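Taking it in order: structure first as structure tokens, then the write-up.
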Amino acid sequence: HDADGGSQAVRMRLGNAVVAFALAAGVASCVPTAPPGSLTPAAGRITDEAIAQDMALLRSWSVRLERVAASGAGSSEAAYGASKARAWLAFATDEYQDNDRGGIIEAAFEEATTGIARLEAGSPRVEGDAALPPGVRQVRPELWDSVRRFKAHERFALVAADVALLEVELVRAGHSGAPGAACSAAPHEVRADSLAKAIEEALRAAPPVVVPPVTPPV
């Protein structure tokens with residue numbers, strides 16, 4: 001009789017284990033997963049494995065960026081593109097660590113990876129105004145005007161990297177200052193002001209571009 005009771009207890013434990021496994025499998029199957037090379041969807045960032053995978057992906061793109069930046073030709077387009085991609089990647093990483101769920105992580109990551117791919121293809125370019133992802137408002141329009149003026153300056157090559165940083169800082173300020181944002185825009189605006197001032201000073205100190213005279217044909 002005791003043997004029958006023991007067998008029944010074993011069967012109950014096995015049955016409970018099977019149910020628990022099935023429930024866990026069912027929950028896991030409902031958690032969104034990321035396609036290869038993509039960040040885990042926000043709803044799936046609930047396990048250590050998913051978070052570790054995403055952080056490894058962000059680091060891998062950083063390694064790719066530094067590798068291509070180190071082998072770049074040194075053009076103003078390459079300096080601008082590398083600096084901007086680096087800033088977008090830092091933006092995505094910071095917001096990921098802050099557990100932002102509003103889509104800004106994905107938008108910043110896409111901007112970064114697109115820029116890095118252009119650098120790797122040897123086709124970086126200086127764009128118009130930086131993209132404003134959904135939910136980001138434009139702040140400090142006078143600084144955006146300065147960005148456009150810097151890009152049109154004859155000595156833009158001297159400040160290309162800092163102009164790219166300025167653009168992304170303005171985007172970050174617009175994100176942090178949006179309704180419902182968890183943090184303040186003030187630090188990013190202060191950083192943007194500092195960058196704009198440094199760029200202005202560098203351009204004022206730079207010697208003018210000397211255009212060689214054109215020798216008329218004989």
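Ordering of the structure tokens sets the chain letters (A, B, ...), residue numbers begin anew at 1 in every chain, and ligands are numbered from 1 in the order given.
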Rows by chain and residue number, region 79-146 of chain A within 6 Å of region 158-180 of chain A, shortest pair, only C-alpha atoms, as a Markdown table:
```
| residue | atom | partner | partner_atom | distance |
| --- | --- | --- | --- | --- |
| A:Ala79 | CA | A:Ala161 | CA | 5.4 |
| A:Tyr80 | CA | A:Ala161 | CA | 4.6 |
| A:Ser83 | CA | A:Ala161 | CA | 5.2 |
| A:Lys84 | CA | A:Ala164 | CA | 4.9 |
| A:Val136 | CA | A:His175 | CA | 4.6 |
| A:Arg137 | CA | A:Gly174 | CA | 4.8 |
| A:Gln138 | CA | A:Gly174 | CA | 5.5 |
| A:Val139 | CA | A:Gly174 | CA | 5.5 |
```
**OP:** Identify, on the basis of only C-alpha atoms, every residue whose closest approach to Arg101 (chain A) does not exceed 9 Å; exclude the query and any residue fewer than 3 positions from it along the same chain; express the result as a ChimeraX atom specification.
**Re:** /A:42-43,95-96,104-105
Can you list every residue in region 39-156 of chain A that DSSP puts in helix (DSSP H, G or I), as a PDB file with N, CA and C atoms, in the first residue's frame?
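Result file follows (out36.pdb):
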```pdb
ATOM      1  N   ALA A  42      10.672  45.736 -27.748  1.00  0.00           N
ATOM      2  CA  ALA A  42      10.574  46.226 -26.376  1.00  0.00           C
ATOM      3  C   ALA A  42       9.896  45.232 -25.446  1.00  0.00           C
ATOM      4  N   ALA A  43       8.828  44.586 -25.924  1.00  0.00           N
ATOM      5  CA  ALA A  43       8.091  43.654 -25.067  1.00  0.00           C
ATOM      6  C   ALA A  43       8.902  42.425 -24.703  1.00  0.00           C
ATOM      7  N   GLY A  44       9.959  42.153 -25.438  1.00  0.00           N
ATOM      8  CA  GLY A  44      10.770  40.974 -25.174  1.00  0.00           C
ATOM      9  C   GLY A  44      11.997  41.237 -24.327  1.00  0.00           C
ATOM     10  N   ASP A  48      17.459  38.227 -18.952  1.00  0.00           N
ATOM     11  CA  ASP A  48      18.881  38.553 -18.985  1.00  0.00           C
ATOM     12  C   ASP A  48      19.492  38.174 -20.327  1.00  0.00           C
ATOM     13  N   GLU A  49      18.996  37.092 -20.909  1.00  0.00           N
ATOM     14  CA  GLU A  49      19.551  36.627 -22.184  1.00  0.00           C
ATOM     15  C   GLU A  49      19.276  37.638 -23.296  1.00  0.00           C
ATOM     16  N   ALA A  50      18.043  38.139 -23.348  1.00  0.00           N
ATOM     17  CA  ALA A  50      17.687  39.107 -24.390  1.00  0.00           C
ATOM     18  C   ALA A  50      18.490  40.390 -24.234  1.00  0.00           C
ATOM     19  N   ILE A  51      18.610  40.867 -23.003  1.00  0.00           N
ATOM     20  CA  ILE A  51      19.343  42.106 -22.754  1.00  0.00           C
ATOM     21  C   ILE A  51      20.818  41.933 -23.088  1.00  0.00           C
ATOM     22  N   ALA A  52      21.393  40.803 -22.685  1.00  0.00           N
ATOM     23  CA  ALA A  52      22.805  40.545 -22.993  1.00  0.00           C
ATOM     24  C   ALA A  52      23.032  40.470 -24.499  1.00  0.00           C
ATOM     25  N   GLN A  53      22.091  39.861 -25.201  1.00  0.00           N
ATOM     26  CA  GLN A  53      22.203  39.750 -26.656  1.00  0.00           C
ATOM     27  C   GLN A  53      22.159  41.125 -27.303  1.00  0.00           C
ATOM     28  N   ASP A  54      21.261  41.976 -26.829  1.00  0.00           N
ATOM     29  CA  ASP A  54      21.150  43.321 -27.400  1.00  0.00           C
ATOM     30  C   ASP A  54      22.388  44.161 -27.111  1.00  0.00           C
ATOM     31  N   MET A  55      22.899  44.083 -25.901  1.00  0.00           N
ATOM     32  CA  MET A  55      24.089  44.850 -25.564  1.00  0.00           C
ATOM     33  C   MET A  55      25.298  44.376 -26.373  1.00  0.00           C
ATOM     34  N   ALA A  56      25.370  43.077 -26.610  1.00  0.00           N
ATOM     35  CA  ALA A  56      26.449  42.547 -27.451  1.00  0.00           C
ATOM     36  C   ALA A  56      26.315  43.060 -28.881  1.00  0.00           C
ATOM     37  N   LEU A  57      25.088  43.159 -29.363  1.00  0.00           N
ATOM     38  CA  LEU A  57      24.858  43.672 -30.712  1.00  0.00           C
ATOM     39  C   LEU A  57      25.285  45.134 -30.814  1.00  0.00           C
ATOM     40  N   LEU A  58      24.937  45.937 -29.827  1.00  0.00           N
ATOM     41  CA  LEU A  58      25.341  47.342 -29.823  1.00  0.00           C
ATOM     42  C   LEU A  58      26.863  47.468 -29.789  1.00  0.00           C
ATOM     43  N   ARG A  59      27.508  46.643 -28.980  1.00  0.00           N
ATOM     44  CA  ARG A  59      28.976  46.688 -28.915  1.00  0.00           C
ATOM     45  C   ARG A  59      29.603  46.260 -30.241  1.00  0.00           C
ATOM     46  N   SER A  60      28.999  45.283 -30.902  1.00  0.00           N
ATOM     47  CA  SER A  60      29.566  44.816 -32.177  1.00  0.00           C
ATOM     48  C   SER A  60      29.530  45.911 -33.227  1.00  0.00           C
ATOM     49  N   TRP A  61      28.460  46.698 -33.228  1.00  0.00           N
ATOM     50  CA  TRP A  61      28.386  47.809 -34.176  1.00  0.00           C
ATOM     51  C   TRP A  61      29.387  48.903 -33.817  1.00  0.00           C
ATOM     52  N   SER A  62      29.629  49.086 -32.528  1.00  0.00           N
ATOM     53  CA  SER A  62      30.640  50.051 -32.114  1.00  0.00           C
ATOM     54  C   SER A  62      32.022  49.626 -32.593  1.00  0.00           C
ATOM     55  N   VAL A  63      32.308  48.339 -32.495  1.00  0.00           N
ATOM     56  CA  VAL A  63      33.592  47.822 -32.983  1.00  0.00           C
ATOM     57  C   VAL A  63      33.705  48.035 -34.493  1.00  0.00           C
ATOM     58  N   ARG A  64      32.636  47.747 -35.215  1.00  0.00           N
ATOM     59  CA  ARG A  64      32.650  47.961 -36.672  1.00  0.00           C
ATOM     60  C   ARG A  64      32.907  49.427 -37.004  1.00  0.00           C
ATOM     61  N   LEU A  65      32.270  50.306 -36.254  1.00  0.00           N
ATOM     62  CA  LEU A  65      32.431  51.732 -36.510  1.00  0.00           C
ATOM     63  C   LEU A  65      33.874  52.164 -36.283  1.00  0.00           C
ATOM     64  N   GLU A  66      34.457  51.764 -35.165  1.00  0.00           N
ATOM     65  CA  GLU A  66      35.820  52.203 -34.879  1.00  0.00           C
ATOM     66  C   GLU A  66      36.807  51.609 -35.878  1.00  0.00           C
ATOM     67  N   ARG A  67      36.521  50.403 -36.359  1.00  0.00           N
ATOM     68  CA  ARG A  67      37.401  49.790 -37.355  1.00  0.00           C
ATOM     69  C   ARG A  67      37.377  50.579 -38.660  1.00  0.00           C
ATOM     70  N   VAL A  68      36.178  50.927 -39.119  1.00  0.00           N
ATOM     71  CA  VAL A  68      36.086  51.639 -40.391  1.00  0.00           C
ATOM     72  C   VAL A  68      36.554  53.085 -40.228  1.00  0.00           C
ATOM     73  N   ALA A  69      36.327  53.677 -39.056  1.00  0.00           N
ATOM     74  CA  ALA A  69      36.774  55.049 -38.831  1.00  0.00           C
ATOM     75  C   ALA A  69      38.296  55.121 -38.835  1.00  0.00           C
ATOM     76  N   ALA A  70      38.934  54.103 -38.283  1.00  0.00           N
ATOM     77  CA  ALA A  70      40.400  54.083 -38.235  1.00  0.00           C
ATOM     78  C   ALA A  70      41.020  53.935 -39.612  1.00  0.00           C
ATOM     79  N   SER A  76      35.998  65.208 -44.979  1.00  0.00           N
ATOM     80  CA  SER A  76      35.019  65.817 -44.079  1.00  0.00           C
ATOM     81  C   SER A  76      33.762  64.966 -43.997  1.00  0.00           C
ATOM     82  N   GLU A  77      33.388  64.328 -45.102  1.00  0.00           N
ATOM     83  CA  GLU A  77      32.215  63.447 -45.096  1.00  0.00           C
ATOM     84  C   GLU A  77      32.424  62.255 -44.163  1.00  0.00           C
ATOM     85  N   ALA A  78      33.629  61.681 -44.207  1.00  0.00           N
ATOM     86  CA  ALA A  78      33.913  60.534 -43.352  1.00  0.00           C
ATOM     87  C   ALA A  78      33.967  60.941 -41.884  1.00  0.00           C
ATOM     88  N   ALA A  79      34.577  62.081 -41.595  1.00  0.00           N
ATOM     89  CA  ALA A  79      34.644  62.558 -40.210  1.00  0.00           C
ATOM     90  C   ALA A  79      33.246  62.839 -39.670  1.00  0.00           C
ATOM     91  N   TYR A  80      32.437  63.481 -40.487  1.00  0.00           N
ATOM     92  CA  TYR A  80      31.056  63.787 -40.092  1.00  0.00           C
ATOM     93  C   TYR A  80      30.263  62.495 -39.891  1.00  0.00           C
ATOM     94  N   GLY A  81      30.379  61.574 -40.847  1.00  0.00           N
ATOM     95  CA  GLY A  81      29.609  60.332 -40.779  1.00  0.00           C
ATOM     96  C   GLY A  81      29.983  59.474 -39.588  1.00  0.00           C
ATOM     97  N   ALA A  82      31.291  59.361 -39.301  1.00  0.00           N
ATOM     98  CA  ALA A  82      31.734  58.547 -38.168  1.00  0.00           C
ATOM     99  C   ALA A  82      31.278  59.161 -36.850  1.00  0.00           C
ATOM    100  N   SER A  83      31.416  60.473 -36.737  1.00  0.00           N
ATOM    101  CA  SER A  83      31.015  61.144 -35.507  1.00  0.00           C
ATOM    102  C   SER A  83      29.513  61.033 -35.275  1.00  0.00           C
ATOM    103  N   LYS A  84      28.747  61.170 -36.331  1.00  0.00           N
ATOM    104  CA  LYS A  84      27.294  61.114 -36.196  1.00  0.00           C
ATOM    105  C   LYS A  84      26.832  59.703 -35.858  1.00  0.00           C
ATOM    106  N   ALA A  85      27.409  58.704 -36.515  1.00  0.00           N
ATOM    107  CA  ALA A  85      27.057  57.316 -36.218  1.00  0.00           C
ATOM    108  C   ALA A  85      27.410  56.975 -34.777  1.00  0.00           C
ATOM    109  N   ARG A  86      28.557  57.457 -34.328  1.00  0.00           N
ATOM    110  CA  ARG A  86      28.987  57.201 -32.947  1.00  0.00           C
ATOM    111  C   ARG A  86      27.996  57.833 -31.958  1.00  0.00           C
ATOM    112  N   ALA A  87      27.545  59.046 -32.273  1.00  0.00           N
ATOM    113  CA  ALA A  87      26.598  59.732 -31.388  1.00  0.00           C
ATOM    114  C   ALA A  87      25.240  59.034 -31.369  1.00  0.00           C
ATOM    115  N   TRP A  88      24.773  58.589 -32.536  1.00  0.00           N
ATOM    116  CA  TRP A  88      23.497  57.864 -32.586  1.00  0.00           C
ATOM    117  C   TRP A  88      23.606  56.552 -31.806  1.00  0.00           C
ATOM    118  N   LEU A  89      24.740  55.869 -31.928  1.00  0.00           N
ATOM    119  CA  LEU A  89      24.907  54.594 -31.237  1.00  0.00           C
ATOM    120  C   LEU A  89      24.938  54.803 -29.723  1.00  0.00           C
ATOM    121  N   ALA A  90      25.597  55.869 -29.276  1.00  0.00           N
ATOM    122  CA  ALA A  90      25.615  56.189 -27.846  1.00  0.00           C
ATOM    123  C   ALA A  90      24.208  56.525 -27.357  1.00  0.00           C
ATOM    124  N   PHE A  91      23.457  57.234 -28.170  1.00  0.00           N
ATOM    125  CA  PHE A  91      22.067  57.574 -27.854  1.00  0.00           C
ATOM    126  C   PHE A  91      21.244  56.302 -27.675  1.00  0.00           C
ATOM    127  N   ALA A  92      21.351  55.390 -28.622  1.00  0.00           N
ATOM    128  CA  ALA A  92      20.600  54.137 -28.540  1.00  0.00           C
ATOM    129  C   ALA A  92      20.993  53.344 -27.292  1.00  0.00           C
ATOM    130  N   THR A  93      22.292  53.290 -27.001  1.00  0.00           N
ATOM    131  CA  THR A  93      22.765  52.525 -25.845  1.00  0.00           C
ATOM    132  C   THR A  93      22.275  53.137 -24.534  1.00  0.00           C
ATOM    133  N   ASP A  94      22.367  54.459 -24.429  1.00  0.00           N
ATOM    134  CA  ASP A  94      21.924  55.128 -23.201  1.00  0.00           C
ATOM    135  C   ASP A  94      20.432  54.908 -22.965  1.00  0.00           C
ATOM    136  N   GLU A  95      19.638  55.035 -24.022  1.00  0.00           N
ATOM    137  CA  GLU A  95      18.193  54.861 -23.857  1.00  0.00           C
ATOM    138  C   GLU A  95      17.840  53.408 -23.575  1.00  0.00           C
ATOM    139  N   TYR A  96      18.616  52.491 -24.128  1.00  0.00           N
ATOM    140  CA  TYR A  96      18.380  51.077 -23.821  1.00  0.00           C
ATOM    141  C   TYR A  96      18.620  50.828 -22.334  1.00  0.00           C
ATOM    142  N   GLN A  97      19.705  51.372 -21.822  1.00  0.00           N
ATOM    143  CA  GLN A  97      20.018  51.186 -20.405  1.00  0.00           C
ATOM    144  C   GLN A  97      18.992  51.873 -19.509  1.00  0.00           C
ATOM    145  N   ILE A 104      12.483  55.181 -29.423  1.00  0.00           N
ATOM    146  CA  ILE A 104      13.663  55.984 -29.747  1.00  0.00           C
ATOM    147  C   ILE A 104      14.908  55.118 -29.894  1.00  0.00           C
ATOM    148  N   ILE A 105      14.967  54.007 -29.158  1.00  0.00           N
ATOM    149  CA  ILE A 105      16.133  53.127 -29.248  1.00  0.00           C
ATOM    150  C   ILE A 105      16.266  52.578 -30.661  1.00  0.00           C
ATOM    151  N   GLU A 106      15.170  52.069 -31.183  1.00  0.00           N
ATOM    152  CA  GLU A 106      15.188  51.498 -32.529  1.00  0.00           C
ATOM    153  C   GLU A 106      15.541  52.556 -33.573  1.00  0.00           C
ATOM    154  N   ALA A 107      14.977  53.766 -33.408  1.00  0.00           N
ATOM    155  CA  ALA A 107      15.239  54.833 -34.377  1.00  0.00           C
ATOM    156  C   ALA A 107      16.708  55.241 -34.358  1.00  0.00           C
ATOM    157  N   ALA A 108      17.275  55.409 -33.169  1.00  0.00           N
ATOM    158  CA  ALA A 108      18.679  55.798 -33.065  1.00  0.00           C
ATOM    159  C   ALA A 108      19.592  54.687 -33.577  1.00  0.00           C
ATOM    160  N   PHE A 109      19.236  53.451 -33.269  1.00  0.00           N
ATOM    161  CA  PHE A 109      20.036  52.308 -33.739  1.00  0.00           C
ATOM    162  C   PHE A 109      20.025  52.240 -35.263  1.00  0.00           C
ATOM    163  N   GLU A 110      18.878  52.472 -35.871  1.00  0.00           N
ATOM    164  CA  GLU A 110      18.798  52.447 -37.339  1.00  0.00           C
ATOM    165  C   GLU A 110      19.644  53.546 -37.956  1.00  0.00           C
ATOM    166  N   GLU A 111      19.582  54.752 -37.368  1.00  0.00           N
ATOM    167  CA  GLU A 111      20.414  55.849 -37.875  1.00  0.00           C
ATOM    168  C   GLU A 111      21.896  55.492 -37.778  1.00  0.00           C
ATOM    169  N   ALA A 112      22.293  54.903 -36.646  1.00  0.00           N
ATOM    170  CA  ALA A 112      23.692  54.544 -36.444  1.00  0.00           C
ATOM    171  C   ALA A 112      24.149  53.488 -37.439  1.00  0.00           C
ATOM    172  N   THR A 113      23.370  52.424 -37.574  1.00  0.00           N
ATOM    173  CA  THR A 113      23.791  51.325 -38.446  1.00  0.00           C
ATOM    174  C   THR A 113      23.775  51.735 -39.917  1.00  0.00           C
ATOM    175  N   THR A 114      22.831  52.592 -40.288  1.00  0.00           N
ATOM    176  CA  THR A 114      22.815  53.092 -41.665  1.00  0.00           C
ATOM    177  C   THR A 114      24.073  53.908 -41.948  1.00  0.00           C
ATOM    178  N   GLY A 115      24.445  54.758 -40.998  1.00  0.00           N
ATOM    179  CA  GLY A 115      25.657  55.551 -41.172  1.00  0.00           C
ATOM    180  C   GLY A 115      26.911  54.704 -41.235  1.00  0.00           C
ATOM    181  N   ILE A 116      26.980  53.691 -40.389  1.00  0.00           N
ATOM    182  CA  ILE A 116      28.155  52.814 -40.391  1.00  0.00           C
ATOM    183  C   ILE A 116      28.239  52.041 -41.703  1.00  0.00           C
ATOM    184  N   ALA A 117      27.106  51.576 -42.198  1.00  0.00           N
ATOM    185  CA  ALA A 117      27.103  50.854 -43.474  1.00  0.00           C
ATOM    186  C   ALA A 117      27.585  51.755 -44.616  1.00  0.00           C
ATOM    187  N   ARG A 118      27.217  53.014 -44.582  1.00  0.00           N
ATOM    188  CA  ARG A 118      27.692  53.946 -45.612  1.00  0.00           C
ATOM    189  C   ARG A 118      29.206  54.129 -45.522  1.00  0.00           C
ATOM    190  N   LEU A 119      29.707  54.228 -44.309  1.00  0.00           N
ATOM    191  CA  LEU A 119      31.156  54.357 -44.140  1.00  0.00           C
ATOM    192  C   LEU A 119      31.874  53.122 -44.670  1.00  0.00           C
ATOM    193  N   GLU A 120      31.337  51.951 -44.361  1.00  0.00           N
ATOM    194  CA  GLU A 120      31.955  50.710 -44.819  1.00  0.00           C
ATOM    195  C   GLU A 120      31.916  50.592 -46.339  1.00  0.00           C
ATOM    196  N   PRO A 141      15.597  76.264 -32.199  1.00  0.00           N
ATOM    197  CA  PRO A 141      15.687  76.479 -33.651  1.00  0.00           C
ATOM    198  C   PRO A 141      16.879  77.331 -34.062  1.00  0.00           C
ATOM    199  N   GLU A 142      17.335  78.228 -33.180  1.00  0.00           N
ATOM    200  CA  GLU A 142      18.496  79.050 -33.535  1.00  0.00           C
ATOM    201  C   GLU A 142      19.757  78.212 -33.663  1.00  0.00           C
ATOM    202  N   LEU A 143      19.839  77.108 -32.886  1.00  0.00           N
ATOM    203  CA  LEU A 143      20.994  76.230 -33.023  1.00  0.00           C
ATOM    204  C   LEU A 143      20.903  75.369 -34.278  1.00  0.00           C
ATOM    205  N   TRP A 144      19.692  75.007 -34.665  1.00  0.00           N
ATOM    206  CA  TRP A 144      19.528  74.310 -35.942  1.00  0.00           C
ATOM    207  C   TRP A 144      19.940  75.223 -37.095  1.00  0.00           C
ATOM    208  N   ASP A 145      19.630  76.515 -36.980  1.00  0.00           N
ATOM    209  CA  ASP A 145      20.085  77.468 -38.000  1.00  0.00           C
ATOM    210  C   ASP A 145      21.616  77.513 -38.037  1.00  0.00           C
ATOM    211  N   SER A 146      22.232  77.447 -36.863  1.00  0.00           N
ATOM    212  CA  SER A 146      23.693  77.443 -36.805  1.00  0.00           C
ATOM    213  C   SER A 146      24.268  76.197 -37.469  1.00  0.00           C
ATOM    214  N   VAL A 147      23.614  75.055 -37.260  1.00  0.00           N
ATOM    215  CA  VAL A 147      24.070  73.813 -37.894  1.00  0.00           C
ATOM    216  C   VAL A 147      24.099  73.981 -39.408  1.00  0.00           C
ATOM    217  N   ARG A 148      23.032  74.538 -39.964  1.00  0.00           N
ATOM    218  CA  ARG A 148      22.976  74.733 -41.424  1.00  0.00           C
ATOM    219  C   ARG A 148      24.071  75.688 -41.882  1.00  0.00           C
ATOM    220  N   ARG A 149      24.310  76.725 -41.107  1.00  0.00           N
ATOM    221  CA  ARG A 149      25.354  77.682 -41.464  1.00  0.00           C
ATOM    222  C   ARG A 149      26.730  77.034 -41.397  1.00  0.00           C
ATOM    223  N   PHE A 150      26.968  76.236 -40.386  1.00  0.00           N
ATOM    224  CA  PHE A 150      28.262  75.546 -40.271  1.00  0.00           C
ATOM    225  C   PHE A 150      28.501  74.625 -41.468  1.00  0.00           C
ATOM    226  N   LYS A 151      27.458  73.918 -41.880  1.00  0.00           N
ATOM    227  CA  LYS A 151      27.622  72.989 -43.013  1.00  0.00           C
ATOM    228  C   LYS A 151      27.952  73.715 -44.305  1.00  0.00           C
ATOM    229  N   ALA A 152      27.467  74.944 -44.428  1.00  0.00           N
ATOM    230  CA  ALA A 152      27.713  75.716 -45.649  1.00  0.00           C
ATOM    231  C   ALA A 152      29.031  76.486 -45.588  1.00  0.00           C
ATOM    232  N   PHE A 156      34.130  74.018 -43.262  1.00  0.00           N
ATOM    233  CA  PHE A 156      33.341  72.973 -42.598  1.00  0.00           C
ATOM    234  C   PHE A 156      34.185  71.758 -42.234  1.00  0.00           C
TER     235      PHE A 156
END
```
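Between CA of Ser184 (chain A) and CA of Gly135 (chain A) there is a distance of 15.0 Å.
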